[in-house]
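Data file: final.tsv. Format and content: TSV, C-alpha atoms.
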```tsv
chain	number	residue	atom	x	y	z
A	247	MET	CA	-37.14	6.93	22.43
A	248	THR	CA	-36.09	4.22	19.98
A	249	ARG	CA	-36.54	5.19	16.36
A	250	SER	CA	-36.87	2.77	13.45
A	251	TYR	CA	-33.60	3.78	11.86
A	252	ASP	CA	-31.80	3.41	15.19
A	253	LEU	CA	-32.55	-0.31	14.92
A	254	ILE	CA	-30.61	-0.39	11.68
A	255	LYS	CA	-27.65	1.42	13.19
A	256	ASP	CA	-27.56	-0.36	16.53
A	257	ASN	CA	-28.71	-3.76	15.30
A	258	LYS	CA	-29.84	-4.87	18.81
A	259	GLU	CA	-32.60	-7.30	19.71
A	260	GLU	CA	-34.63	-7.41	22.54
A	261	GLY	CA	-52.50	-23.19	26.50
A	262	ASP	CA	-55.61	-22.98	24.25
A	263	ALA	CA	-55.83	-24.12	20.61
A	264	PRO	CA	-54.93	-21.35	18.17
A	265	LEU	CA	-57.38	-19.68	15.83
A	266	ARG	CA	-58.12	-21.58	12.66
A	267	LEU	CA	-56.77	-20.03	9.45
A	268	SER	CA	-60.30	-19.34	8.27
A	269	ASP	CA	-61.04	-17.53	11.56
A	270	ILE	CA	-57.93	-15.40	11.12
A	271	GLU	CA	-58.81	-14.45	7.54
A	272	ASN	CA	-62.35	-13.55	8.65
A	273	LEU	CA	-61.01	-11.45	11.52
A	274	LYS	CA	-58.67	-9.55	9.24
A	275	SER	CA	-61.47	-8.90	6.77
A	276	GLU	CA	-63.82	-7.76	9.53
A	277	GLU	CA	-61.23	-5.49	11.11
A	278	ARG	CA	-60.41	-3.84	7.80
A	279	LYS	CA	-64.08	-3.13	7.21
A	280	SER	CA	-64.96	-2.12	10.77
A	281	TYR	CA	-61.98	0.21	11.10
A	282	GLU	CA	-63.50	2.32	8.36
A	283	THR	CA	-66.97	2.54	9.87
A	284	PRO	CA	-69.94	3.73	7.79
A	285	GLU	CA	-69.79	7.08	9.59
A	286	ALA	CA	-66.11	7.52	8.80
A	287	ARG	CA	-66.13	6.11	5.29
A	288	SER	CA	-67.21	8.43	2.50
A	289	SER	CA	-68.44	7.27	-0.88
A	290	GLN	CA	-64.99	8.25	-2.16
A	291	ASP	CA	-63.39	5.90	0.38
A	292	GLU	CA	-65.69	3.10	-0.73
A	293	LYS	CA	-64.81	3.68	-4.37
A	294	GLU	CA	-61.08	3.75	-3.62
A	295	ILE	CA	-61.28	0.44	-1.77
A	296	GLU	CA	-63.24	-1.15	-4.60
A	297	ASP	CA	-60.80	0.26	-7.17
A	298	ALA	CA	-57.84	-1.08	-5.16
A	299	GLU	CA	-59.37	-4.56	-4.98
A	300	ARG	CA	-60.09	-4.53	-8.72
A	301	LEU	CA	-56.53	-3.39	-9.39
A	302	TYR	CA	-55.03	-6.08	-7.19
A	303	THR	CA	-57.19	-8.74	-8.84
A	304	GLY	CA	-56.27	-7.40	-12.28
A	305	LEU	CA	-52.56	-7.73	-11.50
A	306	GLN	CA	-53.11	-11.29	-10.28
A	307	ASN	CA	-54.98	-12.12	-13.48
A	308	TYR	CA	-52.15	-10.66	-15.55
A	309	MET	CA	-49.68	-12.95	-13.79
A	310	ARG	CA	-51.96	-15.93	-14.43
A	311	GLU	CA	-51.92	-15.05	-18.13
A	312	ILE	CA	-48.13	-14.78	-18.07
A	313	ARG	CA	-47.85	-18.17	-16.37
A	314	GLU	CA	-50.11	-19.80	-18.94
A	315	LYS	CA	-48.15	-18.32	-21.84
A	316	VAL	CA	-44.79	-19.34	-20.40
A	317	LYS	CA	-45.94	-22.89	-19.75
A	318	THR	CA	-47.39	-23.22	-23.27
A	319	ASN	CA	-44.39	-21.58	-24.98
A	320	LYS	CA	-46.41	-18.63	-26.22
A	321	PRO	CA	-44.89	-15.13	-26.44
A	322	ILE	CA	-45.53	-12.97	-23.40
A	323	GLU	CA	-46.65	-9.34	-23.57
A	324	VAL	CA	-45.23	-6.70	-21.26
A	325	GLU	CA	-46.99	-3.56	-22.47
A	326	THR	CA	-50.46	-4.82	-21.50
A	327	THR	CA	-49.69	-4.44	-17.80
A	328	PHE	CA	-48.71	-0.75	-17.97
A	329	PRO	CA	-52.28	0.57	-17.53
A	330	LEU	CA	-52.48	-1.42	-14.28
A	331	ILE	CA	-49.05	-0.32	-13.09
A	332	GLN	CA	-49.77	3.31	-13.88
A	333	GLN	CA	-52.98	3.17	-11.86
A	334	LEU	CA	-50.90	1.93	-8.93
A	335	THR	CA	-48.16	4.56	-9.21
A	336	ALA	CA	-50.53	7.43	-10.05
A	337	SER	CA	-50.89	8.44	-6.40
A	338	ARG	CA	-49.49	7.57	-3.02
A	339	ARG	CA	-53.07	7.09	-1.81
A	340	MET	CA	-53.76	4.29	-4.29
A	341	THR	CA	-50.41	2.67	-3.50
A	342	GLU	CA	-51.35	2.63	0.19
A	343	ARG	CA	-54.81	1.23	-0.55
A	344	VAL	CA	-53.33	-1.66	-2.50
A	345	TYR	CA	-50.59	-2.13	0.10
A	346	GLN	CA	-53.24	-2.86	2.72
A	347	LEU	CA	-54.51	-5.68	0.51
A	348	THR	CA	-51.14	-7.45	0.57
A	349	ASN	CA	-51.99	-8.57	4.11
A	350	THR	CA	-55.77	-8.42	4.32
A	351	PHE	CA	-56.93	-9.57	0.89
A	352	TYR	CA	-57.46	-13.31	0.49
A	353	HIS	CA	-54.79	-14.85	-1.75
A	354	GLY	CA	-55.68	-18.53	-1.60
A	355	LYS	CA	-52.95	-21.08	-2.17
A	356	ASP	CA	-51.57	-19.66	-5.42
A	357	TYR	CA	-48.39	-18.27	-3.90
A	358	TYR	CA	-46.58	-17.61	-7.17
A	359	ILE	CA	-49.40	-15.35	-8.35
A	360	SER	CA	-49.82	-13.19	-5.23
A	361	HIS	CA	-46.09	-13.12	-4.41
A	362	PRO	CA	-44.97	-11.02	-7.41
A	363	VAL	CA	-47.89	-8.61	-6.94
A	364	ASN	CA	-47.04	-8.06	-3.27
A	365	THR	CA	-43.33	-7.73	-4.04
A	366	MET	CA	-44.09	-5.08	-6.65
A	367	VAL	CA	-46.25	-3.07	-4.21
A	368	TYR	CA	-43.52	-3.15	-1.53
A	369	ALA	CA	-40.93	-2.08	-4.12
A	370	ILE	CA	-43.06	0.89	-5.19
A	371	LYS	CA	-43.28	2.04	-1.56
A	372	ILE	CA	-39.50	1.91	-1.23
A	373	GLY	CA	-39.10	3.74	-4.53
A	374	LEU	CA	-41.43	6.47	-3.29
A	375	ARG	CA	-39.43	6.78	-0.06
A	376	MET	CA	-36.22	7.06	-2.12
A	377	GLY	CA	-37.68	9.89	-4.18
A	378	TYR	CA	-38.07	8.03	-7.46
A	379	THR	CA	-39.69	9.82	-10.38
A	380	ARG	CA	-42.93	8.46	-11.82
A	381	GLU	CA	-40.98	6.97	-14.74
A	382	LYS	CA	-38.59	5.15	-12.45
A	383	LEU	CA	-41.46	3.92	-10.28
A	384	ASP	CA	-43.11	2.40	-13.35
A	385	GLU	CA	-39.86	0.72	-14.36
A	386	LEU	CA	-39.28	-0.64	-10.86
A	387	ALA	CA	-42.89	-1.85	-10.68
A	388	LEU	CA	-42.67	-3.79	-13.94
A	389	ALA	CA	-39.42	-5.46	-12.86
A	390	GLY	CA	-40.92	-6.26	-9.47
A	391	LEU	CA	-44.01	-7.82	-11.03
A	392	LEU	CA	-41.96	-10.01	-13.39
A	393	HIS	CA	-39.03	-10.77	-11.09
A	394	ASP	CA	-40.03	-14.42	-10.61
A	395	VAL	CA	-41.29	-15.09	-14.13
A	396	GLY	CA	-38.57	-17.74	-14.49
A	397	MET	CA	-40.30	-19.80	-11.80
A	398	PHE	CA	-43.04	-20.59	-14.31
A	399	MET	CA	-40.49	-22.62	-16.29
A	400	ILE	CA	-39.80	-24.93	-13.34
A	401	PRO	CA	-41.98	-28.05	-13.01
A	402	GLU	CA	-45.05	-27.64	-10.80
A	403	ASN	CA	-44.17	-30.73	-8.76
A	404	ILE	CA	-41.04	-28.91	-7.58
A	405	ILE	CA	-42.28	-25.37	-6.91
A	406	GLY	CA	-45.46	-26.76	-5.36
A	407	LYS	CA	-43.71	-29.37	-3.25
A	408	GLU	CA	-44.75	-29.23	0.40
A	409	ASP	CA	-41.83	-31.28	1.74
A	410	SER	CA	-38.30	-29.96	2.01
A	411	LEU	CA	-36.59	-29.50	-1.34
A	412	THR	CA	-33.73	-31.79	-2.29
A	413	GLU	CA	-30.36	-30.35	-3.22
A	414	SER	CA	-30.99	-30.90	-6.93
A	415	GLU	CA	-34.47	-29.37	-6.71
A	416	LEU	CA	-33.09	-26.32	-4.92
A	417	ALA	CA	-30.41	-25.98	-7.57
A	418	LEU	CA	-33.09	-26.00	-10.26
A	419	ILE	CA	-35.11	-23.33	-8.46
A	420	LYS	CA	-31.97	-21.21	-8.20
A	421	ARG	CA	-31.91	-21.10	-11.99
A	422	HIS	CA	-35.08	-19.00	-12.12
A	423	PRO	CA	-33.30	-15.60	-12.30
A	424	GLU	CA	-31.40	-16.74	-15.38
A	425	LEU	CA	-34.51	-18.31	-16.91
A	426	GLY	CA	-36.39	-15.07	-16.30
A	427	LYS	CA	-33.61	-13.02	-17.89
A	428	ASN	CA	-33.72	-15.23	-20.98
A	429	LEU	CA	-37.49	-14.85	-21.25
A	430	LEU	CA	-37.28	-11.06	-21.04
A	431	PHE	CA	-34.13	-10.55	-23.11
A	432	LYS	CA	-36.17	-9.91	-26.25
A	433	PHE	CA	-37.39	-6.68	-24.62
A	434	LYS	CA	-33.82	-5.38	-24.22
A	435	ASP	CA	-34.24	-2.53	-26.69
A	436	GLN	CA	-37.58	-1.30	-25.34
A	437	PHE	CA	-36.87	-1.98	-21.65
A	438	PRO	CA	-33.07	-2.27	-21.29
A	439	TRP	CA	-33.20	-2.40	-17.46
A	440	LEU	CA	-35.80	-5.16	-17.17
A	441	ALA	CA	-33.86	-8.36	-17.81
A	442	ARG	CA	-30.96	-7.17	-15.67
A	443	ALA	CA	-33.15	-6.36	-12.64
A	444	VAL	CA	-34.82	-9.78	-12.89
A	445	HIS	CA	-31.48	-11.55	-13.33
A	446	GLU	CA	-29.87	-9.87	-10.30
A	447	HIS	CA	-32.66	-9.82	-7.69
A	448	HIS	CA	-31.03	-12.67	-5.72
A	449	GLU	CA	-27.56	-11.10	-5.75
A	450	ARG	CA	-26.48	-9.71	-2.39
A	451	GLU	CA	-24.32	-6.83	-1.17
A	452	ASN	CA	-21.54	-9.09	0.15
A	453	GLY	CA	-21.32	-11.19	-3.02
A	454	HIS	CA	-22.93	-14.29	-1.47
A	455	GLY	CA	-26.03	-14.20	-3.65
A	456	TYR	CA	-26.73	-15.97	-6.93
A	457	PRO	CA	-26.51	-16.67	-9.85
A	458	ARG	CA	-23.21	-14.81	-10.41
A	459	GLY	CA	-22.13	-13.81	-6.92
A	460	ILE	CA	-21.64	-10.16	-7.82
A	461	LYS	CA	-21.67	-7.54	-5.08
A	462	GLY	CA	-22.06	-3.88	-4.16
A	463	ASP	CA	-22.30	-1.40	-7.00
A	464	ASP	CA	-22.20	-4.17	-9.58
A	465	ILE	CA	-25.82	-5.01	-8.66
A	466	ALA	CA	-28.56	-2.88	-10.22
A	467	GLU	CA	-30.42	-0.73	-7.68
A	468	TYR	CA	-33.78	-1.99	-8.95
A	469	ALA	CA	-32.58	-5.53	-8.25
A	470	LYS	CA	-31.52	-4.60	-4.70
A	471	ILE	CA	-34.93	-3.09	-3.94
A	472	ILE	CA	-36.76	-6.06	-5.44
A	473	GLY	CA	-34.44	-8.41	-3.56
A	474	ILE	CA	-35.34	-7.12	-0.11
A	475	CYS	CA	-39.05	-6.98	-0.99
A	476	ASP	CA	-38.93	-10.51	-2.39
A	477	SER	CA	-37.25	-11.75	0.81
A	478	TYR	CA	-39.73	-9.99	3.08
A	479	GLU	CA	-42.75	-11.19	1.12
A	480	ALA	CA	-41.46	-14.77	1.15
A	481	MET	CA	-40.84	-14.60	4.91
A	482	THR	CA	-44.31	-13.30	5.74
A	483	HIS	CA	-46.46	-15.52	3.49
A	484	ASN	CA	-46.73	-19.29	3.47
A	485	ARG	CA	-44.88	-21.02	0.66
A	486	PRO	CA	-45.53	-24.62	-0.41
A	487	HIS	CA	-42.34	-25.87	1.30
A	488	LYS	CA	-42.02	-23.33	4.11
A	489	LYS	CA	-44.39	-21.63	6.55
A	490	ALA	CA	-44.36	-17.90	7.12
A	491	ILE	CA	-42.75	-16.29	10.13
A	492	MET	CA	-44.47	-13.37	11.82
A	493	GLN	CA	-43.81	-9.98	10.27
A	494	PHE	CA	-42.15	-8.53	13.37
A	495	ALA	CA	-39.57	-11.34	13.35
A	496	SER	CA	-39.01	-11.10	9.60
A	497	VAL	CA	-38.25	-7.38	9.77
A	498	ARG	CA	-35.86	-7.97	12.66
A	499	GLU	CA	-34.14	-10.65	10.61
A	500	LEU	CA	-33.72	-8.28	7.67
A	501	ILE	CA	-32.38	-5.52	9.94
A	502	GLU	CA	-29.62	-7.86	11.04
A	503	THR	CA	-28.42	-8.16	7.43
A	504	LYS	CA	-27.50	-4.47	7.10
A	505	ASP	CA	-24.56	-3.87	4.77
A	506	VAL	CA	-24.22	-7.66	4.40
A	507	LEU	CA	-27.15	-8.64	2.21
A	508	PHE	CA	-28.76	-5.26	1.58
A	509	PRO	CA	-27.35	-1.70	1.63
A	510	THR	CA	-28.32	0.52	4.56
A	511	LYS	CA	-29.95	3.14	2.32
A	512	ILE	CA	-32.44	0.64	0.92
A	513	LEU	CA	-32.94	-1.14	4.24
A	514	ARG	CA	-33.75	2.17	5.92
A	515	ALA	CA	-36.28	3.08	3.22
A	516	PHE	CA	-37.80	-0.39	3.53
A	517	LEU	CA	-38.20	-0.07	7.30
A	518	GLU	CA	-39.63	3.44	7.12
A	519	GLU	CA	-42.24	2.32	4.58
A	520	LEU	CA	-43.20	-1.14	5.81
A	521	SER	CA	-42.65	-0.67	9.56
A	522	LEU	CA	-41.71	-3.16	12.25
A	523	TYR	CA	-45.44	-3.68	12.73
A	524	PRO	CA	-47.03	-3.82	9.26
A	525	ILE	CA	-50.76	-3.62	8.64
A	526	GLY	CA	-52.29	-7.02	9.30
A	527	SER	CA	-49.73	-8.09	11.91
A	528	TYR	CA	-50.53	-8.97	15.53
A	529	ILE	CA	-48.91	-7.37	18.59
A	530	LYS	CA	-48.98	-7.76	22.37
A	531	LEU	CA	-49.25	-4.68	24.57
A	532	ASN	CA	-47.76	-4.10	28.01
A	533	ASN	CA	-51.21	-4.82	29.55
A	534	ASN	CA	-51.11	-8.27	27.82
A	535	ALA	CA	-53.90	-7.34	25.40
A	536	ILE	CA	-53.47	-8.50	21.81
A	537	GLY	CA	-54.26	-6.25	18.88
A	538	LEU	CA	-54.28	-6.19	15.09
A	539	VAL	CA	-52.36	-3.42	13.34
A	540	ILE	CA	-54.81	-1.59	11.08
A	541	ASP	CA	-52.73	1.46	10.17
A	542	THR	CA	-49.26	2.90	10.70
A	543	ASN	CA	-47.90	6.29	11.74
A	544	LYS	CA	-45.24	7.28	9.22
A	545	ASP	CA	-43.41	9.60	11.61
A	546	GLN	CA	-43.50	7.04	14.46
A	547	PRO	CA	-43.40	3.54	12.91
A	548	LEU	CA	-43.05	1.90	16.33
A	549	LYS	CA	-46.45	3.29	17.36
A	550	PRO	CA	-49.10	2.01	14.94
A	551	ILE	CA	-52.88	2.23	15.15
A	552	ILE	CA	-54.33	-1.02	16.45
A	553	LYS	CA	-57.63	-2.69	17.08
A	554	ILE	CA	-57.84	-4.71	20.31
A	555	LEU	CA	-58.87	-8.31	19.61
A	556	PHE	CA	-58.26	-9.93	23.02
A	557	ASP	CA	-58.00	-8.32	26.44
A	558	GLY	CA	-55.26	-8.98	28.98
A	559	HIS	CA	-57.03	-12.16	30.15
A	560	GLY	CA	-57.26	-13.65	26.65
A	561	GLU	CA	-60.97	-12.89	26.29
A	562	LYS	CA	-62.21	-11.79	22.87
A	563	VAL	CA	-63.15	-8.11	22.81
A	564	THR	CA	-66.60	-7.68	21.26
A	565	ASP	CA	-66.81	-3.88	21.34
A	566	GLU	CA	-64.80	-1.93	18.82
A	567	LYS	CA	-61.72	-0.57	20.53
A	568	ILE	CA	-59.19	1.26	18.35
A	569	ILE	CA	-56.05	2.74	19.90
A	570	ASP	CA	-53.54	5.08	18.30
A	571	LEU	CA	-50.33	4.30	20.16
A	572	LYS	CA	-48.84	7.59	18.98
A	573	VAL	CA	-51.43	9.38	21.12
A	574	ASN	CA	-51.74	6.87	23.96
A	575	THR	CA	-48.77	7.38	26.30
A	576	VAL	CA	-49.59	4.52	28.68
A	577	LEU	CA	-49.64	1.54	26.32
A	578	ASN	CA	-46.67	0.27	24.35
A	579	ILE	CA	-45.81	-2.81	22.33
A	580	LEU	CA	-43.97	-5.69	23.97
A	581	GLY	CA	-43.50	-7.59	20.71
A	582	GLY	CA	-45.10	-9.36	17.82
A	583	VAL	CA	-47.52	-12.27	18.10
A	584	SER	CA	-47.75	-15.14	15.63
A	585	GLU	CA	-51.07	-16.55	14.46
A	586	GLU	CA	-50.35	-19.74	16.41
A	587	GLU	CA	-50.06	-17.73	19.64
A	588	LEU	CA	-53.50	-16.13	19.36
A	589	PRO	CA	-56.08	-17.28	21.92
A	590	SER	CA	-58.82	-19.55	20.70
A	591	LEU	CA	-62.21	-18.23	19.74
A	592	PRO	CA	-65.05	-19.16	22.13
```
Using structure tokens, write down the structure from this file.
Amino acid sequence: MTRSYDLIKDNKEEGDAPLRLSDIENLKSEERKSYETPEARSSQDEKEIEDAERLYTGLQNYMREIREKVKTNKPIEVETTFPLIQQLTASRRMTERVYQLTNTFYHGKDYYISHPVNTMVYAIKIGLRMGYTREKLDELALAGLLHDVGMFMIPENIIGKEDSLTESELALIKRHPELGKNLLFKFKDQFPWLARAVHEHHERENGHGYPRGIKGDDIAEYAKIIGICDSYEAMTHNRPHKKAIMQFASVRELIETKDVLFPTKILRAFLEELSLYPIGSYIKLNNNAIGLVIDTNKDQPLKPIIKILFDGHGEKVTDEKIIDLKVNTVLNILGGVSEEELPSLP
């Protein structure tokens, strides 16, 4: 049986109109709610989901405040976000609740607000997998949340541009790690690791990153973790100038970079935590049915829990049908499915 970490070692790859984006968002929202049916959901579950949504929204609002202060040349505050971060790192259960929102919660078009929040959540999961202490998780989370703060210093007409970026515009965007470091340098005594992690999150293991082209052990570990999470988040969510690719393909792409862009230790932790088939992604089964991943099995990441959306003939399934592929020995996943490949709704 193929295991997730074998993919890192072996590095081997194997007619109707699509759903509208609004249909897809509604489906995801419905599936998240219906998976936890009233019978299965306790009042504690309800409270945890509400708390997770409030926490996610609170982190987004914090980033909006940071953006406003940066753009108006007002001093930014770092300490005010620690109560939010500490809620997130207080328990693995809360981290997982908020993680589910990175794919199922509606983010709108404000990419540079949701992106740092999602990146931070992914980084925390990797830190947990790597055995980080609570203190280190909090440090990693803060750096992950502020890793793109320098982007707020770049003109909106460039970072919000929908067409391809020109060479000069791309060069300006590539300055954001340095701009972020400069913004956070005043916190060097209180948080000595913060500016460095932000400055180095686009450096890569082989020295082909930016802004300095450093490599290997010269790159801070926090920066390496944030770097892979930043890349994955950018791949799987639409940006103004580039559309997302499906999560299955993005994870495959990252696997192929082992020891080149990211160290194996961090790549393995990333894969074990985020899975080839993350929550919110679509898959096709060997009976041609299409399902939505609604949960993962940590010990068997290639066998998630799915909800069937369309049967093998492309017909929408109206009855709730949830399958745990870890238990079902007949069905298996053929591959990922992009939103554009989903059958149309009747």
Practice item. Check the smallest atom-to-atom distance from each of A:Arg338, A:His454, A:Cys475, A:Tyr345 to A:Asp541 using only C-alpha atoms, then report the winner. Key: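 Closest to A:Asp541 of all the choices is A:Tyr345.
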Check your understanding: What lies within 7 Å of A:Gly537 using only C-alpha atoms, ignoring chain neighbours under 2 positions off, as a PyMOL selection string?
Key -> chain A and resi 528-530+535+539+552-556
Exercise for review: Pick out the residues sitting within 12 Å of A:Phe431, and hand them over as an MDAnalysis selection string; count all atoms listed in the file, and ignore anything fewer than 2 positions along from it in its own chain.
Suggested key: chainID A and resid 322 324 423:429 433:445
Select from stretch 332-386 of chain A every residue with an atom at most 7 Å from any atom of stretch 285-304 of chain A, then for each give the shortest pair of atoms and their distance in Å to one decimal, using all atoms listed in the file, rows by chain and rising number, as CSV.
```
residue,atom,partner,partner_atom,distance
A:Met340,CA,A:Ala298,CA,6.8
A:Arg343,CA,A:Ala298,CA,6.0
A:Val344,CA,A:Ala298,CA,5.3
```
**Study point:** Distance criterion (only C-alpha atoms): nearest to A:Leu520 out of A:Ser414, A:Asn543, A:Asn319, A:Thr379
**Key:**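 Of all the options, A:Asn543 lies closest to A:Leu520.
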Exercise for review: Grab the atom CA of A:Tyr468 to atom CA of A:Glu446 distance for me, in Å with one decimal place.
Suggested key: 8.9 Å
Listed atoms of stretch 538-554 of chain A boxed along x, y and z, 3 Å each side, centre and edge lengths in Å, one decimal, as AutoDock Vina command-line options:
```
--center_x -50.4 --center_y 1.7 --center_z 14.8 --size_x 20.8 --size_y 21.8 --size_z 17.1
```
Review point. What is the atom CA of A:Leu580 to atom CA of A:Met481 distance in Å?
Key: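 The value is 21.3 Å.
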Point to revise | Point-to-point distance in Å for atom CA of A:Ser527 and atom CA of A:Leu305 | key: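 Between atom CA of A:Leu305 and atom CA of A:Ser527 the gap is 23.6 Å.
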Review point. When distances are computed from all atoms listed in the file, which of A:Ala466, A:Leu531, A:Ala387, A:Val563 shows the smallest separation from A:Leu577?
Key: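 Closest to A:Leu577 of all the choices is A:Leu531.
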Review point. Near A:Glu314, within 12 Å and counting all atoms listed in the file, which residues show up once chain neighbours fewer than 5 positions away are dropped, as a ChimeraX atom specification?
Key: /A:307-309,319-323,359,395,398-399
Exercise for review: For A:Lys549, please output as JSON, numbers by chain all residues within 7 Å (counting all atoms listed in the file; exclusion window: fewer than 2 positions along the same chain).
Suggested key: {"A": [543, 546, 547, 551, 571, 572]}
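Proximity of A:Asp464, A:Asp409, A:Glu311, A:Glu518 to A:Leu374, computed with all atoms listed in the file, is greatest for A:Glu518.
Among the candidates A:Lys544, A:Leu392, A:Ile372, A:Gly406, the residue lying nearest to A:Ala515 is A:Ile372 (atoms considered: all atoms listed in the file).
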